[in-house]
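Participant: Handing over entry-v8.csv, CSV, C-alpha atoms and all ligand atoms.
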chain,number,residue,atom,x,y,z
X,1,MET,CA,-13.0,-71.7,-120.9
X,2,GLN,CA,-10.2,-73.0,-123.1
X,3,PRO,CA,-6.9,-73.4,-121.3
X,4,ILE,CA,-4.0,-71.1,-122.3
X,5,ARG,CA,-1.8,-73.3,-124.6
X,6,LEU,CA,1.8,-72.8,-123.3
X,7,GLY,CA,5.1,-73.4,-124.9
X,8,LEU,CA,8.3,-73.3,-122.7
X,9,VAL,CA,11.8,-72.5,-123.8
X,10,GLY,CA,14.7,-73.8,-121.8
X,11,TYR,CA,13.9,-77.0,-120.0
X,12,GLY,CA,16.6,-76.7,-117.4
X,13,LYS,CA,16.8,-76.6,-113.6
X,14,ILE,CA,14.1,-74.0,-112.8
X,15,ALA,CA,11.8,-75.3,-115.5
X,16,GLN,CA,11.9,-78.8,-114.1
X,17,ASP,CA,11.9,-77.7,-110.4
X,18,GLN,CA,9.2,-75.1,-110.6
X,19,HIS,CA,7.7,-74.0,-113.9
X,20,VAL,CA,6.4,-77.4,-115.2
X,21,PRO,CA,5.0,-78.5,-111.8
X,22,ALA,CA,3.2,-75.1,-111.4
X,23,VAL,CA,1.8,-75.3,-114.9
X,24,LEU,CA,0.6,-78.8,-114.6
X,25,ALA,CA,-1.1,-77.9,-111.3
X,26,ASN,CA,-3.0,-75.0,-112.9
X,27,PRO,CA,-5.9,-76.0,-115.1
X,28,ALA,CA,-5.9,-72.6,-116.8
X,29,PHE,CA,-2.8,-73.7,-118.6
X,30,GLN,CA,-2.0,-76.6,-120.9
X,31,LEU,CA,1.8,-77.2,-121.5
X,32,VAL,CA,1.8,-78.3,-125.2
X,33,SER,CA,5.5,-78.0,-126.3
X,34,VAL,CA,9.1,-77.4,-125.2
X,35,ALA,CA,12.1,-76.0,-127.0
X,36,THR,CA,15.3,-76.8,-125.3
X,37,GLN,CA,19.0,-77.7,-126.0
X,38,GLY,CA,19.3,-80.2,-123.2
X,39,GLN,CA,17.2,-83.1,-122.1
X,40,PRO,CA,13.6,-83.3,-123.5
X,41,CYS,CA,10.4,-82.8,-121.4
X,42,ALA,CA,8.3,-85.9,-121.2
X,43,GLY,CA,4.6,-85.8,-122.2
X,44,VAL,CA,4.8,-82.9,-124.7
X,45,GLU,CA,6.3,-82.3,-128.1
X,46,ASN,CA,10.0,-81.2,-128.0
X,47,PHE,CA,11.9,-79.0,-130.4
X,48,ARG,CA,15.5,-77.8,-130.5
X,49,SER,CA,14.6,-74.2,-131.1
X,50,LEU,CA,11.8,-71.7,-130.5
X,51,GLY,CA,11.6,-71.2,-134.3
X,52,GLU,CA,10.8,-74.9,-134.9
X,53,LEU,CA,8.3,-74.8,-132.0
X,54,LEU,CA,6.5,-71.9,-133.5
X,55,GLU,CA,6.7,-73.2,-137.1
X,56,SER,CA,6.1,-76.9,-136.7
X,57,GLY,CA,4.6,-77.4,-133.3
X,58,PRO,CA,1.0,-77.4,-132.0
X,59,PRO,CA,-0.5,-73.9,-131.7
X,60,VAL,CA,0.5,-71.9,-128.6
X,61,ASP,CA,-1.0,-68.8,-127.0
X,62,ALA,CA,1.9,-68.0,-124.7
X,63,ILE,CA,5.6,-68.8,-124.1
X,64,ALA,CA,7.5,-69.2,-120.8
X,65,PHE,CA,11.2,-68.4,-121.0
X,66,CYS,CA,13.6,-70.3,-118.7
X,67,THR,CA,16.8,-70.0,-120.7
X,68,PRO,CA,19.8,-68.1,-119.3
X,69,PRO,CA,19.6,-64.3,-119.6
X,70,GLN,CA,22.2,-64.2,-122.4
X,71,GLY,CA,20.4,-64.6,-125.7
X,72,ARG,CA,17.0,-64.5,-124.2
X,73,PHE,CA,16.2,-61.1,-125.7
X,74,ALA,CA,16.1,-62.4,-129.3
X,75,LEU,CA,14.0,-65.3,-128.2
X,76,VAL,CA,11.4,-63.2,-126.5
X,77,GLN,CA,11.4,-60.8,-129.5
X,78,GLN,CA,10.6,-63.8,-131.7
X,79,ALA,CA,7.7,-64.8,-129.6
X,80,LEU,CA,6.3,-61.3,-129.4
X,81,ALA,CA,6.6,-60.9,-133.2
X,82,ALA,CA,4.5,-64.1,-133.4
X,83,GLY,CA,1.8,-62.5,-131.2
X,84,LYS,CA,2.4,-64.7,-128.2
X,85,HIS,CA,2.0,-63.7,-124.5
X,86,VAL,CA,5.3,-64.0,-122.7
X,87,LEU,CA,6.4,-65.0,-119.2
X,88,VAL,CA,10.1,-64.2,-118.7
X,89,GLU,CA,12.2,-65.6,-115.9
X,90,LYS,CA,14.5,-63.2,-114.0
X,91,PRO,CA,16.6,-61.4,-114.9
X,92,PRO,CA,14.5,-60.5,-118.0
X,93,CYS,CA,17.5,-60.0,-120.2
X,94,ALA,CA,21.3,-59.6,-120.2
X,95,THR,CA,21.1,-55.8,-120.3
X,96,LEU,CA,18.7,-53.1,-119.2
X,97,GLY,CA,18.4,-51.8,-122.7
X,98,GLU,CA,17.2,-55.1,-124.0
X,99,ALA,CA,14.6,-55.3,-121.2
X,100,MET,CA,13.4,-51.8,-122.0
X,101,ALA,CA,13.0,-52.8,-125.6
X,102,LEU,CA,10.9,-55.8,-124.6
X,103,VAL,CA,8.6,-53.5,-122.6
X,104,ASN,CA,8.0,-51.4,-125.7
X,105,GLN,CA,7.6,-54.3,-128.0
X,106,THR,CA,5.1,-56.1,-125.7
X,107,ALA,CA,2.9,-52.9,-125.7
X,108,GLU,CA,3.2,-52.5,-129.5
X,109,GLN,CA,2.1,-56.2,-130.0
X,110,GLY,CA,-0.9,-55.8,-127.7
X,111,VAL,CA,-0.1,-59.0,-125.9
X,112,SER,CA,0.5,-59.7,-122.2
X,113,GLY,CA,4.0,-59.8,-120.7
X,114,LEU,CA,5.3,-60.7,-117.2
X,115,PHE,CA,8.8,-60.3,-115.9
X,116,ALA,CA,8.6,-63.1,-113.3
X,117,TRP,CA,10.2,-61.7,-110.3
X,118,HIS,CA,9.3,-64.9,-108.5
X,119,SER,CA,10.5,-63.8,-105.0
X,120,ARG,CA,7.8,-61.1,-105.0
X,121,TYR,CA,5.3,-63.9,-104.7
X,122,ALA,CA,6.8,-65.5,-101.6
X,123,PRO,CA,4.2,-66.2,-98.9
X,124,GLY,CA,5.1,-63.3,-96.6
X,125,ILE,CA,5.6,-60.5,-99.0
X,126,GLU,CA,2.1,-59.0,-99.3
X,127,ALA,CA,1.6,-59.0,-95.6
X,128,ALA,CA,4.9,-57.3,-95.1
X,129,ARG,CA,4.1,-54.7,-97.7
X,130,ASP,CA,0.8,-53.9,-96.0
X,131,TRP,CA,2.4,-53.6,-92.6
X,132,LEU,CA,5.2,-51.3,-93.9
X,133,ALA,CA,2.8,-49.0,-95.8
X,134,SER,CA,1.9,-47.2,-92.6
X,135,ARG,CA,5.2,-47.3,-90.8
X,136,THR,CA,8.2,-44.9,-90.6
X,137,LEU,CA,11.2,-46.7,-92.0
X,138,GLN,CA,14.7,-46.1,-90.6
X,139,SER,CA,16.9,-48.8,-92.2
X,140,VAL,CA,16.9,-52.0,-94.3
X,141,GLN,CA,19.4,-54.8,-94.0
X,142,ILE,CA,19.5,-57.5,-96.7
X,143,ASP,CA,21.5,-60.7,-96.3
X,144,TRP,CA,21.3,-63.1,-99.3
X,145,LYS,CA,23.8,-65.9,-99.0
X,146,GLU,CA,23.5,-69.3,-100.8
X,147,ASP,CA,25.5,-72.0,-102.4
X,148,VAL,CA,25.9,-71.7,-106.2
X,149,ARG,CA,27.0,-75.3,-106.5
X,150,LYS,CA,23.6,-76.3,-105.1
X,151,TRP,CA,21.4,-74.0,-107.2
X,152,HIS,CA,23.4,-73.7,-110.4
X,153,PRO,CA,25.5,-76.9,-110.7
X,154,GLY,CA,27.7,-76.8,-113.8
X,155,GLN,CA,26.1,-73.6,-115.2
X,156,ALA,CA,29.0,-71.8,-116.8
X,157,TRP,CA,26.7,-69.1,-118.2
X,158,ILE,CA,26.2,-67.5,-114.7
X,159,TRP,CA,29.9,-66.5,-114.6
X,160,GLN,CA,30.0,-65.1,-118.1
X,161,PRO,CA,29.2,-61.5,-119.1
X,162,GLY,CA,25.4,-61.1,-118.8
X,163,GLY,CA,25.2,-64.0,-116.3
X,164,LEU,CA,25.3,-61.6,-113.2
X,165,GLY,CA,27.1,-64.0,-110.9
X,166,VAL,CA,25.9,-63.5,-107.3
X,167,PHE,CA,23.4,-60.9,-108.5
X,168,ASP,CA,21.4,-63.7,-110.1
X,169,PRO,CA,20.0,-64.7,-106.7
X,170,GLY,CA,20.7,-61.2,-105.3
X,171,ILE,CA,18.3,-59.6,-107.7
X,172,ASN,CA,15.6,-61.6,-106.0
X,173,ALA,CA,16.2,-59.6,-102.8
X,174,LEU,CA,16.2,-56.4,-104.8
X,175,SER,CA,12.9,-57.4,-106.4
X,176,ILE,CA,11.4,-57.9,-102.9
X,177,VAL,CA,12.7,-54.6,-101.5
X,178,THR,CA,11.6,-52.6,-104.5
X,179,HIS,CA,8.2,-54.1,-104.1
X,180,LEU,CA,8.0,-53.3,-100.3
X,181,LEU,CA,9.2,-49.7,-100.4
X,182,ALA,CA,7.2,-46.7,-101.6
X,183,LEU,CA,10.1,-44.7,-103.1
X,184,PRO,CA,12.5,-45.8,-105.8
X,185,LEU,CA,15.9,-46.9,-104.6
X,186,PHE,CA,19.2,-45.9,-106.1
X,187,VAL,CA,22.7,-47.3,-105.6
X,188,GLU,CA,25.2,-45.1,-103.7
X,189,SER,CA,28.2,-47.5,-103.7
X,190,ALA,CA,29.0,-51.2,-104.3
X,191,GLN,CA,32.0,-53.5,-103.7
X,192,LEU,CA,32.1,-56.5,-106.1
X,193,ARG,CA,34.4,-59.5,-105.4
X,194,VAL,CA,35.2,-61.2,-108.7
X,195,PRO,CA,37.0,-64.6,-108.9
X,196,ASP,CA,40.0,-64.2,-111.2
X,197,ASN,CA,38.7,-66.8,-113.6
X,198,CYS,CA,35.2,-65.3,-113.8
X,199,GLN,CA,33.5,-62.3,-115.4
X,200,SER,CA,30.9,-61.8,-112.7
X,201,PRO,CA,31.1,-61.4,-109.0
X,202,ILE,CA,30.8,-64.2,-106.4
X,203,ALA,CA,30.0,-61.7,-103.6
X,204,ALA,CA,28.9,-58.1,-103.3
X,205,SER,CA,28.2,-55.4,-100.7
X,206,ILE,CA,25.8,-52.7,-101.8
X,207,LYS,CA,24.7,-49.4,-100.2
X,208,MET,CA,21.5,-47.9,-101.4
X,209,SER,CA,19.1,-45.1,-100.5
X,210,ASP,CA,16.0,-43.2,-101.6
X,211,ALA,CA,14.8,-39.6,-101.7
X,212,ARG,CA,14.2,-39.7,-97.9
X,213,HIS,CA,17.8,-40.9,-97.3
X,214,LEU,CA,16.7,-44.4,-96.1
X,215,ASP,CA,19.7,-46.5,-95.3
X,216,VAL,CA,19.6,-49.8,-97.3
X,217,ARG,CA,22.4,-52.2,-97.2
X,218,ALA,CA,22.8,-55.6,-98.9
X,219,GLU,CA,25.3,-58.4,-98.5
X,220,PHE,CA,25.3,-61.0,-101.3
X,221,ASP,CA,27.4,-64.2,-101.1
X,222,PHE,CA,27.2,-67.1,-103.7
X,223,ASP,CA,29.8,-69.3,-102.0
X,224,HIS,CA,27.9,-69.6,-98.7
X,225,GLY,CA,27.8,-73.4,-98.5
X,226,HIS,CA,26.4,-73.7,-95.0
X,227,ASP,CA,23.3,-72.3,-93.3
X,228,GLU,CA,22.0,-70.5,-96.4
X,229,LEU,CA,20.5,-67.1,-95.5
X,230,TRP,CA,17.8,-65.1,-97.4
X,231,SER,CA,16.7,-62.4,-95.0
X,232,ILE,CA,15.5,-58.8,-95.1
X,233,GLU,CA,15.2,-56.8,-91.9
X,234,VAL,CA,13.4,-53.5,-91.9
X,235,ARG,CA,13.8,-51.3,-88.8
X,236,CYS,CA,11.0,-48.8,-88.3
X,237,THR,CA,10.1,-46.3,-85.6
X,238,GLU,CA,7.2,-48.5,-84.7
X,239,GLY,CA,9.1,-51.9,-84.6
X,240,VAL,CA,11.1,-54.4,-86.6
X,241,LEU,CA,9.9,-56.4,-89.6
X,242,ARG,CA,11.9,-59.4,-90.7
X,243,LEU,CA,11.5,-61.6,-93.8
X,244,ASP,CA,13.4,-64.9,-93.7
X,245,ASN,CA,13.8,-67.9,-96.0
X,246,GLY,CA,13.4,-65.7,-99.1
X,247,GLY,CA,10.1,-64.2,-97.9
X,248,ALA,CA,8.5,-67.4,-96.9
X,249,LEU,CA,8.6,-66.4,-93.2
X,250,LEU,CA,7.5,-63.1,-91.7
X,251,SER,CA,8.0,-61.9,-88.2
X,252,ILE,CA,7.2,-58.5,-86.5
X,253,ASP,CA,9.1,-57.7,-83.4
X,254,GLY,CA,10.1,-61.3,-83.2
X,255,VAL,CA,6.5,-62.7,-83.5
X,256,ARG,CA,5.9,-65.0,-86.4
X,257,GLN,CA,3.0,-63.8,-88.6
X,258,THR,CA,0.4,-65.9,-90.6
X,259,VAL,CA,1.2,-65.7,-94.3
X,260,SER,CA,-0.2,-67.0,-97.6
X,261,GLU,CA,0.0,-70.8,-98.2
X,262,GLU,CA,0.5,-70.4,-102.0
X,263,GLY,CA,3.8,-71.2,-103.5
X,264,GLU,CA,5.9,-68.7,-105.5
X,265,TYR,CA,5.4,-70.2,-108.9
X,266,ALA,CA,1.8,-71.1,-108.4
X,267,ALA,CA,1.3,-67.4,-107.7
X,268,VAL,CA,3.4,-66.4,-110.7
X,269,TYR,CA,1.3,-68.4,-113.1
X,270,ARG,CA,-1.9,-67.3,-111.5
X,271,HIS,CA,-0.8,-63.7,-112.0
X,272,PHE,CA,0.2,-64.5,-115.6
X,273,GLN,CA,-3.3,-65.9,-116.2
X,274,GLU,CA,-4.9,-62.8,-114.7
X,275,LEU,CA,-2.8,-60.5,-116.9
X,276,ILE,CA,-3.8,-62.4,-120.0
X,277,GLY,CA,-7.4,-62.2,-119.0
X,278,ASP,CA,-7.1,-58.5,-118.3
X,279,LYS,CA,-5.1,-57.8,-121.5
X,280,ALA,CA,-2.4,-56.3,-119.2
X,281,SER,CA,1.3,-56.6,-118.5
X,282,ASP,CA,3.6,-56.4,-115.5
X,283,LEU,CA,7.1,-55.6,-116.7
X,284,ASP,CA,9.0,-54.0,-113.8
X,285,LEU,CA,12.6,-52.9,-114.6
X,286,GLN,CA,13.6,-51.6,-111.1
X,287,PRO,CA,15.5,-54.7,-109.9
X,288,LEU,CA,17.5,-54.9,-113.1
X,289,ARG,CA,18.3,-51.1,-112.9
X,290,LEU,CA,19.7,-51.6,-109.4
X,291,VAL,CA,21.9,-54.4,-110.6
X,292,ALA,CA,23.1,-52.4,-113.6
X,293,ASP,CA,23.9,-49.4,-111.3
X,294,SER,CA,25.8,-51.7,-109.0
X,295,PHE,CA,28.0,-52.8,-111.9
X,296,PHE,CA,28.3,-49.1,-113.0
X,297,VAL,CA,29.6,-47.8,-109.7
X,298,GLY,CA,31.0,-51.0,-108.1
X,299,SER,CA,34.6,-51.2,-107.1
X,300,ARG,CA,36.1,-54.6,-108.1
X,301,THR,CA,38.4,-56.8,-106.1
X,302,LEU,CA,39.8,-59.9,-107.7
X,303,VAL,CA,39.5,-63.0,-105.4
X,304,GLU,CA,40.6,-66.6,-105.7
X,305,PRO,CA,39.3,-68.5,-108.7
X,306,PHE,CA,36.0,-70.3,-108.5
X,307,TYR,CA,35.7,-74.0,-109.5
X,308,ASP,CA,32.4,-75.8,-109.7
E,1,LIG,N1,18.5,-72.4,-110.8
E,1,LIG,C1,17.7,-71.8,-109.9
E,1,LIG,O1,17.6,-72.2,-108.7
E,1,LIG,C2,16.8,-70.7,-110.4
E,1,LIG,C3,17.0,-70.2,-111.7
E,1,LIG,N2,16.2,-69.1,-112.1
E,1,LIG,C4,16.5,-68.4,-113.4
E,1,LIG,O2,16.0,-69.2,-114.5
E,1,LIG,C5,16.9,-69.1,-115.6
E,1,LIG,C6,17.4,-70.4,-116.0
E,1,LIG,O3,18.2,-70.9,-114.9
E,1,LIG,P1,18.4,-72.5,-114.7
E,1,LIG,O4,17.2,-73.2,-115.0
E,1,LIG,O5,19.1,-72.7,-113.4
E,1,LIG,O6,19.5,-72.7,-115.9
E,1,LIG,P2,19.9,-74.1,-116.6
E,1,LIG,O7,21.2,-73.8,-117.3
E,1,LIG,O8,19.7,-75.2,-115.7
E,1,LIG,O9,18.7,-74.2,-117.8
E,1,LIG,C7,18.8,-73.4,-119.0
E,1,LIG,C8,18.1,-74.2,-120.1
E,1,LIG,O10,18.0,-73.4,-121.2
E,1,LIG,C9,18.3,-74.2,-122.4
E,1,LIG,N3,18.7,-73.3,-123.4
E,1,LIG,C10,19.7,-72.4,-123.5
E,1,LIG,N4,19.7,-71.7,-124.6
E,1,LIG,C11,18.6,-72.1,-125.3
E,1,LIG,C12,18.0,-71.8,-126.5
E,1,LIG,N5,18.5,-70.8,-127.3
E,1,LIG,N6,16.9,-72.4,-126.9
E,1,LIG,C13,16.3,-73.3,-126.2
E,1,LIG,N7,16.8,-73.7,-125.0
E,1,LIG,C14,17.9,-73.1,-124.5
E,1,LIG,C15,19.4,-75.1,-121.9
E,1,LIG,O11,19.5,-76.3,-122.7
E,1,LIG,C16,19.0,-75.4,-120.5
E,1,LIG,O12,18.2,-76.6,-120.5
E,1,LIG,C17,18.0,-68.0,-115.2
E,1,LIG,O13,17.6,-66.8,-115.6
E,1,LIG,C18,17.9,-68.1,-113.6
E,1,LIG,O14,18.2,-66.8,-113.1
E,1,LIG,C19,15.1,-68.7,-111.4
E,1,LIG,C20,14.9,-69.3,-110.1
E,1,LIG,C21,15.8,-70.3,-109.6
E,2,LIG,O1,16.3,-67.0,-108.8
E,2,LIG,C1,17.1,-67.7,-108.1
E,2,LIG,O2,16.8,-68.3,-106.9
E,2,LIG,C2,18.0,-68.8,-106.4
E,2,LIG,C3,17.7,-70.1,-105.6
E,2,LIG,O3,16.9,-70.9,-106.4
E,2,LIG,C4,16.9,-69.8,-104.4
E,2,LIG,O4,17.4,-68.7,-103.7
E,2,LIG,C5,18.9,-69.0,-107.6
E,2,LIG,O5,20.3,-68.9,-107.3
E,2,LIG,C6,18.5,-67.9,-108.5
E,2,LIG,O6,18.7,-68.2,-109.9
Can you turn what I pasted into structure tokens?
Ligand SMILES: NC(=O)C1=CN([C@@H]2O[C@H](COP(=O)(O)OP(=O)(O)OC[C@H]3O[C@@H](n4cnc5c(N)ncnc54)[C@H](O)[C@@H]3O)[C@@H](O)[C@H]2O)C=CC1
Ligand SMILES: O=C1O[C@@H]([C@H](O)CO)[C@H](O)[C@H]1O
Facilitator:
Amino acid sequence: MQPIRLGLVGYGKIAQDQHVPAVLANPAFQLVSVATQGQPCAGVENFRSLGELLESGPPVDAIAFCTPPQGRFALVQQALAAGKHVLVEKPPCATLGEAMALVNQTAEQGVSGLFAWHSRYAPGIEAARDWLASRTLQSVQIDWKEDVRKWHPGQAWIWQPGGLGVFDPGINALSIVTHLLALPLFVESAQLRVPDNCQSPIAASIKMSDARHLDVRAEFDFDHGHDELWSIEVRCTEGVLRLDNGGALLSIDGVRQTVSEEGEYAAVYRHFQELIGDKASDLDLQPLRLVADSFFVGSRTLVEPFYD
């Protein structure tokens, strides 16, 4: 079986930390080229643009997109027009409309597409989803608090329109919860705290619900420099389920459960490989819709400026 020849666009932090190691560890893929505007990737052909990669580089079957969300839409469109399978980092685009257009174009091109909601592949998620499937849910509390200076050092794009600010990590929690719950969520209210030198929030409080009036609350904080917290607690009639460390740890009524040993990005690329083999796609818009609605209805409070 010939490996899937992969090009990658945007050799930045997540590409170096997660994508390239996961691809190199999966024999179903061969990383053959990179297009990036920063430092080059060793061991493969490097280009300054996707256009050059497609025109002058070695043949590729698929492209992974690790660029910032702003401008990504045109890049993915370019790959789809060239008949390439696409794996798109979260959030898929800078707007919901762009993401919806990519869903349609992927189908029209007859290629495979994956919106890589990487947190959905955390070790405890599937076991949590299975347990919750037969329980009566009462409430969900999400606490997602991390240090932007650690995870996005010097990344100005995250504070610009389309960069989402604290929703860039917060959307991961939303991707988990929308995967765990049976009914679609909608945003009832949101409070966004925006540094007065930024265009996107550094913290947010969101109240959500579903058709059965489930009480879902989220607290996001991007300036949480100590004791980072990525937890989701689901209270049910039958007991309490808790995901910690972004879904890597699962406990039920305080008892730690056995979970998968596969890493998030190894699972992401295994899923991408399966989709290509099945001539299928997985392009879920729900997490991005919840972020868009939070911006729609969110009340904004200006807070002190943010300096990296
Ligand atoms: N930083 C993190 O911990 C994580 C980030 N992500 C997501 O991955 C995406 C990228 O984030 P980071 O890697 O942190 O950003 P980054 O700023 O470190 O990397 C972005 C890279 O894209 C390149 N780039 C920008 N425009 C380009 C273009 N038109 N053509 C080619 N290359 C271009 C830049 O040169 C840079 O190397 C974001 O959507 C983010 O939400 C996902 C998981 C974790
Ligand atoms: O997707 C993302 O994950 C976080 C961080 O890497 C782990 O929570 C980052 O802020 C965001 O882009």
Participant: Out of X:Asn104, X:Asn46, X:Gln109, X:Gln2, which residue has the shortest atom-to-atom distance to Ala82 of chain X when counting all atoms listed in the file?
Facilitator: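 Distance minimum relative to Ala82 of chain X lands on X:Gln109.
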Participant: Provide the atom CA of Val234 of chain X to atom CA of Arg129 of chain X distance in Å, to one decimal place.
Facilitator: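 It comes out at 11.0 Å.
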Participant: Which value, in Å to one decimal, gives the distance between atom CA of Cys198 of chain X and atom CA of Ala218 of chain X?
Facilitator: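 One can read the atom CA of Cys198 of chain X to atom CA of Ala218 of chain X distance as 21.7 Å.
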Participant: Would you work out the distance separating atom CA of Cys236 of chain X from atom CA of Leu181 of chain X, expressed in Å to one decimal?
Facilitator: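 Atom CA of Leu181 of chain X lies 12.3 Å from atom CA of Cys236 of chain X.
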Participant: Residues near Cys93 of chain X, anyone? I mean within 9 Å using all atoms listed in the file, not counting same-chain ones fewer than 2 positions away, as a list in words.
Facilitator: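 Selected residues are Pro68, Pro69, Gln70, Gly71, Arg72, Phe73, Val88, Glu89, Lys90, Pro91, Thr95, Leu96, Gly97, Glu98, Ala99, Leu102, Gly162 and Leu288 of chain X.
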Participant: Show which residues sit within 9 Å of Arg193 of chain X, as a ChimeraX atom specification. Count only C-alpha atoms, and ignore same-chain residues fewer than 5 positions away.
Facilitator: /X:200-205,299-303
Participant: Could you tell me, counting only C-alpha atoms and all ligand atoms, which protein and nucleic acid residues lie no more than 10 Å from ligand LIG 2 (chain E), written as a ChimeraX atom specification?
Facilitator: /X:13-14,17-18,68,89-91,116-119,144-152,158,164-173,222,228-230,245-246
Participant: I need the chosen residues saved as an mmCIF file, keeping the file's coordinate frame, with C-alpha atoms.
Facilitator:
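Final output, saved to part.cif:
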data_model
loop_
_atom_site.group_PDB
_atom_site.id
_atom_site.type_symbol
_atom_site.label_atom_id
_atom_site.label_comp_id
_atom_site.auth_asym_id
_atom_site.auth_seq_id
_atom_site.Cartn_x
_atom_site.Cartn_y
_atom_site.Cartn_z
ATOM 1 C CA LYS X 13 16.800 -76.600 -113.600
ATOM 2 C CA ILE X 14 14.100 -74.000 -112.800
ATOM 3 C CA ASP X 17 11.900 -77.700 -110.400
ATOM 4 C CA GLN X 18 9.200 -75.100 -110.600
ATOM 5 C CA PRO X 68 19.800 -68.100 -119.300
ATOM 6 C CA GLU X 89 12.200 -65.600 -115.900
ATOM 7 C CA LYS X 90 14.500 -63.200 -114.000
ATOM 8 C CA PRO X 91 16.600 -61.400 -114.900
ATOM 9 C CA ALA X 116 8.600 -63.100 -113.300
ATOM 10 C CA TRP X 117 10.200 -61.700 -110.300
ATOM 11 C CA HIS X 118 9.300 -64.900 -108.500
ATOM 12 C CA SER X 119 10.500 -63.800 -105.000
ATOM 13 C CA TRP X 144 21.300 -63.100 -99.300
ATOM 14 C CA LYS X 145 23.800 -65.900 -99.000
ATOM 15 C CA GLU X 146 23.500 -69.300 -100.800
ATOM 16 C CA ASP X 147 25.500 -72.000 -102.400
ATOM 17 C CA VAL X 148 25.900 -71.700 -106.200
ATOM 18 C CA ARG X 149 27.000 -75.300 -106.500
ATOM 19 C CA LYS X 150 23.600 -76.300 -105.100
ATOM 20 C CA TRP X 151 21.400 -74.000 -107.200
ATOM 21 C CA HIS X 152 23.400 -73.700 -110.400
ATOM 22 C CA ILE X 158 26.200 -67.500 -114.700
ATOM 23 C CA LEU X 164 25.300 -61.600 -113.200
ATOM 24 C CA GLY X 165 27.100 -64.000 -110.900
ATOM 25 C CA VAL X 166 25.900 -63.500 -107.300
ATOM 26 C CA PHE X 167 23.400 -60.900 -108.500
ATOM 27 C CA ASP X 168 21.400 -63.700 -110.100
ATOM 28 C CA PRO X 169 20.000 -64.700 -106.700
ATOM 29 C CA GLY X 170 20.700 -61.200 -105.300
ATOM 30 C CA ILE X 171 18.300 -59.600 -107.700
ATOM 31 C CA ASN X 172 15.600 -61.600 -106.000
ATOM 32 C CA ALA X 173 16.200 -59.600 -102.800
ATOM 33 C CA PHE X 222 27.200 -67.100 -103.700
ATOM 34 C CA GLU X 228 22.000 -70.500 -96.400
ATOM 35 C CA LEU X 229 20.500 -67.100 -95.500
ATOM 36 C CA TRP X 230 17.800 -65.100 -97.400
ATOM 37 C CA ASN X 245 13.800 -67.900 -96.000
ATOM 38 C CA GLY X 246 13.400 -65.700 -99.100
#
